[in-house]
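Peer 1: File structure.pdb follows (PDB, C-alpha atoms, pLDDT in the B column):
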ATOM      1  CA  MET A  26       1.604  82.264   7.106  1.00 40.00           C
ATOM      2  CA  GLY A  27       1.945  79.874   9.992  1.00 43.00           C
ATOM      3  CA  GLY A  28       2.164  76.114   9.801  1.00 51.00           C
ATOM      4  CA  MET A  29      -1.605  75.706   9.913  1.00 83.00           C
ATOM      5  CA  ALA A  30      -2.311  77.262   6.519  1.00 97.00           C
ATOM      6  CA  THR A  31      -4.536  75.165   4.253  1.00 98.00           C
ATOM      7  CA  HIS A  32      -3.928  75.079   0.503  1.00 98.00           C
ATOM      8  CA  LEU A  33      -6.208  73.547  -2.121  1.00 98.00           C
ATOM      9  CA  ILE A  34      -4.116  72.531  -5.115  1.00 98.00           C
ATOM     10  CA  THR A  35      -5.100  71.295  -8.566  1.00 98.00           C
ATOM     11  CA  GLY A  36      -2.470  69.552 -10.658  1.00 96.00           C
ATOM     12  CA  ALA A  37      -0.472  68.331  -7.634  1.00 96.00           C
ATOM     13  CA  GLY A  38       0.372  65.043  -9.356  1.00 93.00           C
ATOM     14  CA  ALA A  39       3.090  66.350 -11.677  1.00 91.00           C
ATOM     15  CA  GLY A  40       5.244  69.224 -12.812  1.00 91.00           C
ATOM     16  CA  ILE A  41       4.792  72.624 -11.178  1.00 94.00           C
ATOM     17  CA  GLY A  42       1.894  71.402  -9.027  1.00 96.00           C
ATOM     18  CA  ALA A  43       3.962  68.576  -7.548  1.00 95.00           C
ATOM     19  CA  ALA A  44       6.830  70.993  -6.810  1.00 95.00           C
ATOM     20  CA  VAL A  45       4.452  73.386  -5.015  1.00 97.00           C
ATOM     21  CA  ALA A  46       2.729  70.588  -3.072  1.00 98.00           C
ATOM     22  CA  ALA A  47       6.052  69.126  -1.928  1.00 97.00           C
ATOM     23  CA  ARG A  48       7.284  72.555  -0.812  1.00 96.00           C
ATOM     24  CA  LEU A  49       4.153  73.367   1.210  1.00 98.00           C
ATOM     25  CA  HIS A  50       3.901  69.848   2.643  1.00 97.00           C
ATOM     26  CA  ALA A  51       7.534  69.924   3.783  1.00 96.00           C
ATOM     27  CA  ARG A  52       6.933  73.043   5.849  1.00 96.00           C
ATOM     28  CA  GLY A  53       3.933  71.520   7.611  1.00 97.00           C
ATOM     29  CA  ASP A  54       1.003  73.202   5.872  1.00 97.00           C
ATOM     30  CA  ASP A  55      -2.293  71.372   5.310  1.00 97.00           C
ATOM     31  CA  LEU A  56      -2.934  70.231   1.741  1.00 98.00           C
ATOM     32  CA  VAL A  57      -6.224  69.475   0.039  1.00 98.00           C
ATOM     33  CA  LEU A  58      -5.410  67.926  -3.329  1.00 98.00           C
ATOM     34  CA  LEU A  59      -7.922  67.851  -6.148  1.00 98.00           C
ATOM     35  CA  ALA A  60      -7.905  64.451  -7.862  1.00 97.00           C
ATOM     36  CA  ARG A  61      -9.848  63.300 -10.905  1.00 96.00           C
ATOM     37  CA  ASP A  62     -11.018  60.112  -9.190  1.00 97.00           C
ATOM     38  CA  ALA A  63     -10.767  58.277  -5.865  1.00 96.00           C
ATOM     39  CA  ALA A  64      -7.861  56.059  -6.955  1.00 97.00           C
ATOM     40  CA  ARG A  65      -5.838  59.093  -7.989  1.00 96.00           C
ATOM     41  CA  GLY A  66      -6.767  60.778  -4.714  1.00 97.00           C
ATOM     42  CA  LYS A  67      -5.451  57.799  -2.753  1.00 97.00           C
ATOM     43  CA  GLN A  68      -2.120  57.995  -4.629  1.00 97.00           C
ATOM     44  CA  LEU A  69      -1.751  61.703  -3.863  1.00 97.00           C
ATOM     45  CA  VAL A  70      -2.581  61.295  -0.161  1.00 97.00           C
ATOM     46  CA  GLU A  71       0.005  58.493   0.077  1.00 97.00           C
ATOM     47  CA  ARG A  72       2.590  60.793  -1.501  1.00 97.00           C
ATOM     48  CA  TYR A  73       1.781  63.630   0.928  1.00 97.00           C
ATOM     49  CA  PRO A  74       0.909  62.008   4.281  1.00 97.00           C
ATOM     50  CA  GLY A  75      -1.608  63.992   6.284  1.00 97.00           C
ATOM     51  CA  SER A  76      -3.118  65.616   3.192  1.00 97.00           C
ATOM     52  CA  ARG A  77      -6.695  65.136   2.015  1.00 97.00           C
ATOM     53  CA  ALA A  78      -8.081  64.471  -1.439  1.00 98.00           C
ATOM     54  CA  LEU A  79     -11.033  66.278  -2.979  1.00 98.00           C
ATOM     55  CA  VAL A  80     -12.361  64.339  -5.956  1.00 98.00           C
ATOM     56  CA  GLY A  81     -13.517  66.213  -9.047  1.00 98.00           C
ATOM     57  CA  ASP A  82     -12.780  65.808 -12.748  1.00 98.00           C
ATOM     58  CA  LEU A  83     -11.624  69.097 -14.292  1.00 98.00           C
ATOM     59  CA  SER A  84     -12.297  67.737 -17.773  1.00 98.00           C
ATOM     60  CA  ASP A  85     -16.036  67.706 -16.918  1.00 98.00           C
ATOM     61  CA  PRO A  86     -16.739  71.046 -15.189  1.00 98.00           C
ATOM     62  CA  ASP A  87     -20.513  70.552 -15.365  1.00 98.00           C
ATOM     63  CA  ARG A  88     -20.182  67.699 -12.848  1.00 98.00           C
ATOM     64  CA  LEU A  89     -18.005  69.497 -10.312  1.00 98.00           C
ATOM     65  CA  SER A  90     -20.824  70.954  -8.215  1.00 98.00           C
ATOM     66  CA  TRP A  91     -22.374  67.483  -7.901  1.00 98.00           C
ATOM     67  CA  ALA A  92     -18.984  65.967  -6.997  1.00 97.00           C
ATOM     68  CA  PHE A  93     -18.262  68.610  -4.354  1.00 97.00           C
ATOM     69  CA  SER A  94     -21.737  68.218  -2.844  1.00 97.00           C
ATOM     70  CA  LYS A  95     -21.013  64.522  -2.120  1.00 97.00           C
ATOM     71  CA  GLN A  96     -17.886  65.073   0.020  1.00 97.00           C
ATOM     72  CA  PRO A  97     -16.689  67.378   2.782  1.00 95.00           C
ATOM     73  CA  VAL A  98     -15.172  70.557   1.364  1.00 93.00           C
ATOM     74  CA  PRO A  99     -12.519  72.212   3.580  1.00 95.00           C
ATOM     75  CA  GLU A 100     -13.874  74.758   6.054  1.00 95.00           C
ATOM     76  CA  ARG A 101     -10.797  76.931   5.636  1.00 97.00           C
ATOM     77  CA  ILE A 102      -8.768  77.614   2.492  1.00 98.00           C
ATOM     78  CA  ASP A 103      -5.881  80.059   2.795  1.00 98.00           C
ATOM     79  CA  SER A 104      -4.860  79.603  -0.802  1.00 98.00           C
ATOM     80  CA  LEU A 105      -6.462  78.094  -3.892  1.00 98.00           C
ATOM     81  CA  LEU A 106      -3.761  77.128  -6.380  1.00 98.00           C
ATOM     82  CA  HIS A 107      -4.993  76.438  -9.911  1.00 98.00           C
ATOM     83  CA  ILE A 108      -2.034  74.582 -11.425  1.00 97.00           C
ATOM     84  CA  ALA A 109      -3.607  71.762 -13.487  1.00 96.00           C
ATOM     85  CA  GLY A 110      -3.558  72.268 -17.233  1.00 95.00           C
ATOM     86  CA  ILE A 111      -3.471  70.402 -20.529  1.00 94.00           C
ATOM     87  CA  VAL A 112      -2.038  71.304 -23.923  1.00 93.00           C
ATOM     88  CA  ASP A 113      -2.769  70.053 -27.432  1.00 92.00           C
ATOM     89  CA  LEU A 114      -1.192  71.918 -30.325  1.00 92.00           C
ATOM     90  CA  GLY A 115      -2.431  72.251 -33.883  1.00 95.00           C
ATOM     91  CA  PRO A 116      -3.237  74.843 -36.534  1.00 96.00           C
ATOM     92  CA  VAL A 117      -6.661  76.479 -36.483  1.00 97.00           C
ATOM     93  CA  GLY A 118      -7.317  74.787 -39.825  1.00 98.00           C
ATOM     94  CA  GLU A 119      -7.128  71.374 -38.170  1.00 97.00           C
ATOM     95  CA  LEU A 120      -8.343  71.839 -34.575  1.00 96.00           C
ATOM     96  CA  ARG A 121     -11.751  70.217 -34.074  1.00 97.00           C
ATOM     97  CA  PRO A 122     -14.299  71.406 -31.506  1.00 98.00           C
ATOM     98  CA  LYS A 123     -13.413  68.441 -29.262  1.00 97.00           C
ATOM     99  CA  THR A 124      -9.824  69.684 -28.894  1.00 97.00           C
ATOM    100  CA  TRP A 125     -11.035  73.231 -28.165  1.00 98.00           C
ATOM    101  CA  HIS A 126     -13.550  71.952 -25.588  1.00 98.00           C
ATOM    102  CA  GLN A 127     -10.982  69.764 -23.817  1.00 97.00           C
ATOM    103  CA  GLN A 128      -8.508  72.612 -23.320  1.00 97.00           C
ATOM    104  CA  LEU A 129     -11.141  75.228 -22.479  1.00 98.00           C
ATOM    105  CA  ASN A 130     -12.757  72.859 -19.961  1.00 98.00           C
ATOM    106  CA  VAL A 131      -9.597  71.976 -18.037  1.00 98.00           C
ATOM    107  CA  ASN A 132      -7.693  75.250 -18.402  1.00 98.00           C
ATOM    108  CA  LEU A 133     -10.500  77.800 -18.031  1.00 98.00           C
ATOM    109  CA  ILE A 134     -14.016  76.611 -17.244  1.00 98.00           C
ATOM    110  CA  ALA A 135     -12.998  74.196 -14.474  1.00 98.00           C
ATOM    111  CA  PRO A 136     -10.897  76.818 -12.634  1.00 98.00           C
ATOM    112  CA  ALA A 137     -13.859  79.212 -12.862  1.00 98.00           C
ATOM    113  CA  GLU A 138     -16.237  76.575 -11.509  1.00 98.00           C
ATOM    114  CA  VAL A 139     -13.924  75.391  -8.716  1.00 98.00           C
ATOM    115  CA  THR A 140     -13.506  79.034  -7.689  1.00 98.00           C
ATOM    116  CA  ARG A 141     -17.264  79.637  -7.756  1.00 98.00           C
ATOM    117  CA  LEU A 142     -18.001  76.576  -5.650  1.00 98.00           C
ATOM    118  CA  LEU A 143     -15.391  77.512  -3.035  1.00 98.00           C
ATOM    119  CA  LEU A 144     -16.007  81.269  -3.021  1.00 98.00           C
ATOM    120  CA  PRO A 145     -17.860  81.476   0.324  1.00 97.00           C
ATOM    121  CA  THR A 146     -14.945  79.652   1.993  1.00 98.00           C
ATOM    122  CA  LEU A 147     -12.360  81.766   0.143  1.00 98.00           C
ATOM    123  CA  ARG A 148     -14.087  84.945   1.343  1.00 98.00           C
ATOM    124  CA  ALA A 149     -14.283  83.752   4.935  1.00 98.00           C
ATOM    125  CA  SER A 150     -10.569  82.848   4.852  1.00 97.00           C
ATOM    126  CA  ARG A 151      -9.513  86.015   2.943  1.00 97.00           C
ATOM    127  CA  ALA A 152      -7.684  83.633   0.662  1.00 98.00           C
ATOM    128  CA  THR A 153      -5.098  84.098  -2.040  1.00 98.00           C
ATOM    129  CA  VAL A 154      -6.097  82.589  -5.403  1.00 98.00           C
ATOM    130  CA  VAL A 155      -3.252  81.780  -7.782  1.00 98.00           C
ATOM    131  CA  PHE A 156      -3.851  80.959 -11.436  1.00 98.00           C
ATOM    132  CA  VAL A 157      -0.846  79.343 -13.089  1.00 97.00           C
ATOM    133  CA  ASN A 158      -1.206  80.742 -16.558  1.00 97.00           C
ATOM    134  CA  SER A 159       1.436  80.586 -19.314  1.00 94.00           C
ATOM    135  CA  GLY A 160       3.437  82.791 -21.612  1.00 91.00           C
ATOM    136  CA  ALA A 161       0.700  81.706 -24.058  1.00 93.00           C
ATOM    137  CA  GLY A 162      -1.773  83.671 -21.929  1.00 95.00           C
ATOM    138  CA  LEU A 163      -0.050  86.853 -23.094  1.00 94.00           C
ATOM    139  CA  THR A 164       1.028  85.975 -26.662  1.00 94.00           C
ATOM    140  CA  ALA A 165      -0.407  83.407 -29.066  1.00 94.00           C
ATOM    141  CA  HIS A 166       1.875  81.766 -31.598  1.00 93.00           C
ATOM    142  CA  ALA A 167       1.153  79.583 -34.622  1.00 94.00           C
ATOM    143  CA  GLU A 168      -0.367  76.198 -33.662  1.00 93.00           C
ATOM    144  CA  TRP A 169      -1.041  77.349 -30.090  1.00 93.00           C
ATOM    145  CA  GLY A 170      -4.531  78.755 -30.817  1.00 96.00           C
ATOM    146  CA  ALA A 171      -6.716  76.613 -28.561  1.00 97.00           C
ATOM    147  CA  TYR A 172      -4.275  76.465 -25.649  1.00 96.00           C
ATOM    148  CA  ALA A 173      -3.480  80.184 -25.871  1.00 97.00           C
ATOM    149  CA  ALA A 174      -7.190  81.016 -26.072  1.00 98.00           C
ATOM    150  CA  SER A 175      -7.818  79.035 -22.886  1.00 98.00           C
ATOM    151  CA  LYS A 176      -4.948  80.868 -21.156  1.00 97.00           C
ATOM    152  CA  HIS A 177      -5.941  84.313 -22.456  1.00 98.00           C
ATOM    153  CA  GLY A 178      -9.356  83.480 -21.006  1.00 98.00           C
ATOM    154  CA  LEU A 179      -7.739  82.491 -17.704  1.00 98.00           C
ATOM    155  CA  LYS A 180      -6.118  85.938 -17.511  1.00 98.00           C
ATOM    156  CA  ALA A 181      -9.553  87.516 -17.979  1.00 98.00           C
ATOM    157  CA  LEU A 182     -11.028  85.260 -15.298  1.00 98.00           C
ATOM    158  CA  ALA A 183      -8.277  86.258 -12.855  1.00 98.00           C
ATOM    159  CA  ASP A 184      -8.601  89.967 -13.619  1.00 98.00           C
ATOM    160  CA  SER A 185     -12.387  89.939 -13.211  1.00 98.00           C
ATOM    161  CA  LEU A 186     -12.205  87.888 -10.013  1.00 98.00           C
ATOM    162  CA  ARG A 187      -9.609  90.283  -8.580  1.00 98.00           C
ATOM    163  CA  ALA A 188     -11.818  93.306  -9.250  1.00 98.00           C
ATOM    164  CA  GLU A 189     -14.939  91.605  -7.880  1.00 98.00           C
ATOM    165  CA  GLU A 190     -13.449  90.080  -4.741  1.00 98.00           C
ATOM    166  CA  LYS A 191     -10.990  92.756  -3.598  1.00 97.00           C
ATOM    167  CA  PRO A 192     -13.639  94.198  -1.227  1.00 98.00           C
ATOM    168  CA  ASN A 193     -13.947  90.691   0.276  1.00 98.00           C
ATOM    169  CA  GLY A 194     -10.233  90.483   1.014  1.00 97.00           C
ATOM    170  CA  ILE A 195      -9.381  87.906  -1.661  1.00 98.00           C
ATOM    171  CA  ARG A 196      -6.040  88.360  -3.422  1.00 98.00           C
ATOM    172  CA  VAL A 197      -5.650  87.096  -6.993  1.00 98.00           C
ATOM    173  CA  THR A 198      -2.337  86.347  -8.686  1.00 98.00           C
ATOM    174  CA  SER A 199      -1.637  85.188 -12.237  1.00 98.00           C
ATOM    175  CA  VAL A 200       1.741  83.553 -12.848  1.00 96.00           C
ATOM    176  CA  TYR A 201       2.910  83.287 -16.461  1.00 95.00           C
ATOM    177  CA  PRO A 202       5.754  80.741 -16.661  1.00 87.00           C
ATOM    178  CA  GLY A 203       7.730  80.393 -19.845  1.00 80.00           C
ATOM    179  CA  ARG A 204       8.552  76.881 -20.980  1.00 73.00           C
ATOM    180  CA  THR A 205       9.092  74.703 -17.927  1.00 66.00           C
ATOM    181  CA  ALA A 206      10.752  71.278 -17.781  1.00 55.00           C
ATOM    182  CA  THR A 207       7.676  69.096 -17.201  1.00 62.00           C
ATOM    183  CA  ALA A 208       5.914  66.164 -18.855  1.00 61.00           C
ATOM    184  CA  MET A 209       3.686  68.726 -20.590  1.00 63.00           C
ATOM    185  CA  GLN A 210       6.790  70.300 -22.134  1.00 64.00           C
ATOM    186  CA  ALA A 211       7.961  66.899 -23.369  1.00 64.00           C
ATOM    187  CA  LYS A 212       4.584  66.471 -25.088  1.00 65.00           C
ATOM    188  CA  VAL A 213       4.820  69.945 -26.658  1.00 65.00           C
ATOM    189  CA  HIS A 214       8.251  69.159 -28.063  1.00 65.00           C
ATOM    190  CA  SER A 215       7.037  65.884 -29.538  1.00 70.00           C
ATOM    191  CA  GLN A 216       4.072  67.687 -31.137  1.00 67.00           C
ATOM    192  CA  GLU A 217       6.507  70.268 -32.511  1.00 71.00           C
ATOM    193  CA  GLY A 218       8.788  67.492 -33.779  1.00 76.00           C
ATOM    194  CA  ARG A 219      11.728  68.785 -31.753  1.00 74.00           C
ATOM    195  CA  GLU A 220      14.293  67.174 -29.458  1.00 74.00           C
ATOM    196  CA  TYR A 221      13.492  67.775 -25.789  1.00 57.00           C
ATOM    197  CA  ASP A 222      16.282  68.878 -23.459  1.00 69.00           C
ATOM    198  CA  PRO A 223      14.885  69.598 -19.959  1.00 58.00           C
ATOM    199  CA  SER A 224      17.996  71.550 -18.965  1.00 69.00           C
ATOM    200  CA  ALA A 225      17.138  74.208 -21.570  1.00 63.00           C
ATOM    201  CA  TRP A 226      13.964  75.217 -19.767  1.00 66.00           C
ATOM    202  CA  ILE A 227      12.839  76.504 -16.367  1.00 80.00           C
ATOM    203  CA  ASP A 228      12.988  74.049 -13.481  1.00 86.00           C
ATOM    204  CA  PRO A 229       9.508  73.525 -11.960  1.00 83.00           C
ATOM    205  CA  GLU A 230      11.098  74.286  -8.564  1.00 91.00           C
ATOM    206  CA  SER A 231      11.840  77.823  -9.729  1.00 91.00           C
ATOM    207  CA  VAL A 232       8.219  78.410 -10.720  1.00 92.00           C
ATOM    208  CA  ALA A 233       7.136  76.874  -7.404  1.00 94.00           C
ATOM    209  CA  THR A 234       9.286  79.462  -5.615  1.00 95.00           C
ATOM    210  CA  THR A 235       7.371  82.304  -7.282  1.00 95.00           C
ATOM    211  CA  ILE A 236       3.980  80.763  -6.437  1.00 96.00           C
ATOM    212  CA  VAL A 237       4.878  80.257  -2.778  1.00 97.00           C
ATOM    213  CA  MET A 238       6.195  83.839  -2.680  1.00 96.00           C
ATOM    214  CA  ALA A 239       2.840  85.180  -3.885  1.00 96.00           C
ATOM    215  CA  VAL A 240       0.992  83.117  -1.266  1.00 97.00           C
ATOM    216  CA  ASP A 241       3.332  84.143   1.569  1.00 97.00           C
ATOM    217  CA  LEU A 242       3.415  87.847   0.719  1.00 96.00           C
ATOM    218  CA  PRO A 243       2.277  90.002   3.667  1.00 96.00           C
ATOM    219  CA  ARG A 244      -1.329  91.174   3.462  1.00 93.00           C
ATOM    220  CA  ASP A 245      -0.403  94.780   2.630  1.00 95.00           C
ATOM    221  CA  ALA A 246       0.589  93.712  -0.879  1.00 95.00           C
ATOM    222  CA  GLU A 247      -0.655  91.551  -3.740  1.00 95.00           C
ATOM    223  CA  VAL A 248       1.181  90.211  -6.777  1.00 95.00           C
ATOM    224  CA  ASN A 249      -1.178  90.708  -9.707  1.00 97.00           C
ATOM    225  CA  ASP A 250       0.792  89.418 -12.702  1.00 97.00           C
ATOM    226  CA  LEU A 251       4.131  87.660 -12.603  1.00 94.00           C
ATOM    227  CA  SER A 252       6.008  86.532 -15.715  1.00 92.00           C
ATOM    228  CA  VAL A 253       8.698  83.905 -15.182  1.00 87.00           C
ATOM    229  CA  ARG A 254      11.043  83.556 -18.138  1.00 84.00           C
ATOM    230  CA  PRO A 255      13.871  81.087 -18.826  1.00 82.00           C
ATOM    231  CA  GLY A 256      17.045  82.532 -17.297  1.00 73.00           C
ATOM    232  CA  ARG A 257      19.535  80.724 -19.496  1.00 67.00           C
TER     233      ARG A 257
END
For this file, write the structure as structure tokens.

Peer 2:
Amino acid sequence: MGGMATHLITGAGAGIGAAVAARLHARGDDLVLLARDAARGKQLVERYPGSRALVGDLSDPDRLSWAFSKQPVPERIDSLLHIAGIVDLGPVGELRPKTWHQQLNVNLIAPAEVTRLLLPTLRASRATVVFVNSGAGLTAHAEWGAYAASKHGLKALADSLRAEEKPNGIRVTSVYPGRTATAMQAKVHSQEGREYDPSAWIDPESVATTIVMAVDLPRDAEVNDLSVRPGR
């Protein structure tokens, strides 16, 4: 991809999303950064000069179409990078519907809705869509029920989208990082009652490398599923 590629990124404010945004911004690509509100959008644009914010709250997917209708949506999107996510652990015996809804909304329903709203543009651009999933999208452990369900669902969304949109030239990649040294990981450790040592886990930069690789891959190939495990 040349320097004029345009990427729409969710979750650019922290962790893996920030690593990806910084990498693409540094090489001169155009960034459109999804922000939950205008103030957050202003912060992101200041961090990545020349980028644009698109305001939409992933925790309220029902409102996204209204939000997008009130602002200019990019005319070209070479890649749509779904990186935002939330986690809240707990046993099935204690998880209330609110906790299920929150994780399903942000981790699954919002990515589906953002994709739907942008699909005509994605088709016209023959875009690559990347879903940053999780090891929990492949295996569900005790206390990870709601999060893992949202990520198992995200795998299904990606697989269905890939099958549907292949004739339209859209490539779909799911990336399944193992535990990555981010603020989310710090929260997980505190919920698990464990000491958090960032050096024990994958650096977000390493996951960013795999995402950028999938986006940059020549058009004769597509990465479908990519697991990234801790190397130490």

Peer 1: Since I can't run it myself right now, could you work out what the PyMOL selection byres ((chain A and resi 53) around 12) selects here and report it as a list in words?

Peer 2: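 With the shown file as input, the PyMOL selection byres ((chain A and resi 53) around 12) matches Met26, Gly27, Gly28, Met29, Ala30, Thr31, His32, Ala46, Ala47, Arg48, Leu49, His50, Ala51, Arg52, Asp54, Asp55, Leu56, Tyr73, Pro74, Gly75 and Ser76 of chain A.
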
Peer 1: One decimal, Å: what's the distance from CA of Gly203 (chain A) over to CA of Leu33 (chain A), could you say?

Peer 2: 23.6 Å

Peer 1: A:Thr198, A:Lys180, A:Gln68, A:Arg88: which is nearest Met238 (chain A), counting all atoms listed in the file?

Peer 2: A:Thr198

Peer 1: Between CA of Ser252 (chain A) and CA of Gly218 (chain A), what is the spacing in Å?

Peer 2: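 Calculated distance between CA of Gly218 (chain A) and CA of Ser252 (chain A) is 26.4 Å.
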
Peer 1: So what does the PyMOL selection byres ((chain A and resi 144) around 12) actually pick up in this one, as a PyMOL selection string?

Peer 2: chain A and resi 98-105+136-143+145-154+186+189-190+193-195

Peer 1: Residues as selected, C-alpha atoms, written as a short mmCIF file (atom, residue, chain, number, x, y, z; two decimals), in the frame of the given file, can you do that?

Peer 2:
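Produced file again.cif, reproduced below:
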data_model
loop_
_atom_site.label_atom_id
_atom_site.label_comp_id
_atom_site.auth_asym_id
_atom_site.auth_seq_id
_atom_site.Cartn_x
_atom_site.Cartn_y
_atom_site.Cartn_z
CA VAL A 98 -15.17 70.56 1.36
CA PRO A 99 -12.52 72.21 3.58
CA GLU A 100 -13.87 74.76 6.05
CA ARG A 101 -10.80 76.93 5.64
CA ILE A 102 -8.77 77.61 2.49
CA ASP A 103 -5.88 80.06 2.80
CA SER A 104 -4.86 79.60 -0.80
CA LEU A 105 -6.46 78.09 -3.89
CA PRO A 136 -10.90 76.82 -12.63
CA ALA A 137 -13.86 79.21 -12.86
CA GLU A 138 -16.24 76.58 -11.51
CA VAL A 139 -13.92 75.39 -8.72
CA THR A 140 -13.51 79.03 -7.69
CA ARG A 141 -17.26 79.64 -7.76
CA LEU A 142 -18.00 76.58 -5.65
CA LEU A 143 -15.39 77.51 -3.04
CA PRO A 145 -17.86 81.48 0.32
CA THR A 146 -14.94 79.65 1.99
CA LEU A 147 -12.36 81.77 0.14
CA ARG A 148 -14.09 84.94 1.34
CA ALA A 149 -14.28 83.75 4.93
CA SER A 150 -10.57 82.85 4.85
CA ARG A 151 -9.51 86.02 2.94
CA ALA A 152 -7.68 83.63 0.66
CA THR A 153 -5.10 84.10 -2.04
CA VAL A 154 -6.10 82.59 -5.40
CA LEU A 186 -12.20 87.89 -10.01
CA GLU A 189 -14.94 91.60 -7.88
CA GLU A 190 -13.45 90.08 -4.74
CA ASN A 193 -13.95 90.69 0.28
CA GLY A 194 -10.23 90.48 1.01
CA ILE A 195 -9.38 87.91 -1.66
#

Peer 1: Where does the PyMOL selection byres ((chain A and resi 170) around 9) land in this file, that is, which residues does it pick, as a PDB file with C-alpha atoms, in the coordinates of the input?

Peer 2:
ATOM      1  CA  LEU A 114      -1.192  71.918 -30.325  1.00 92.00           C
ATOM      2  CA  GLY A 115      -2.431  72.251 -33.883  1.00 95.00           C
ATOM      3  CA  PRO A 116      -3.237  74.843 -36.534  1.00 96.00           C
ATOM      4  CA  VAL A 117      -6.661  76.479 -36.483  1.00 97.00           C
ATOM      5  CA  LEU A 120      -8.343  71.839 -34.575  1.00 96.00           C
ATOM      6  CA  TRP A 125     -11.035  73.231 -28.165  1.00 98.00           C
ATOM      7  CA  ALA A 165      -0.407  83.407 -29.066  1.00 94.00           C
ATOM      8  CA  HIS A 166       1.875  81.766 -31.598  1.00 93.00           C
ATOM      9  CA  ALA A 167       1.153  79.583 -34.622  1.00 94.00           C
ATOM     10  CA  GLU A 168      -0.367  76.198 -33.662  1.00 93.00           C
ATOM     11  CA  TRP A 169      -1.041  77.349 -30.090  1.00 93.00           C
ATOM     12  CA  ALA A 171      -6.716  76.613 -28.561  1.00 97.00           C
ATOM     13  CA  TYR A 172      -4.275  76.465 -25.649  1.00 96.00           C
ATOM     14  CA  ALA A 173      -3.480  80.184 -25.871  1.00 97.00           C
ATOM     15  CA  ALA A 174      -7.190  81.016 -26.072  1.00 98.00           C
ATOM     16  CA  SER A 175      -7.818  79.035 -22.886  1.00 98.00           C
TER      17      SER A 175
END
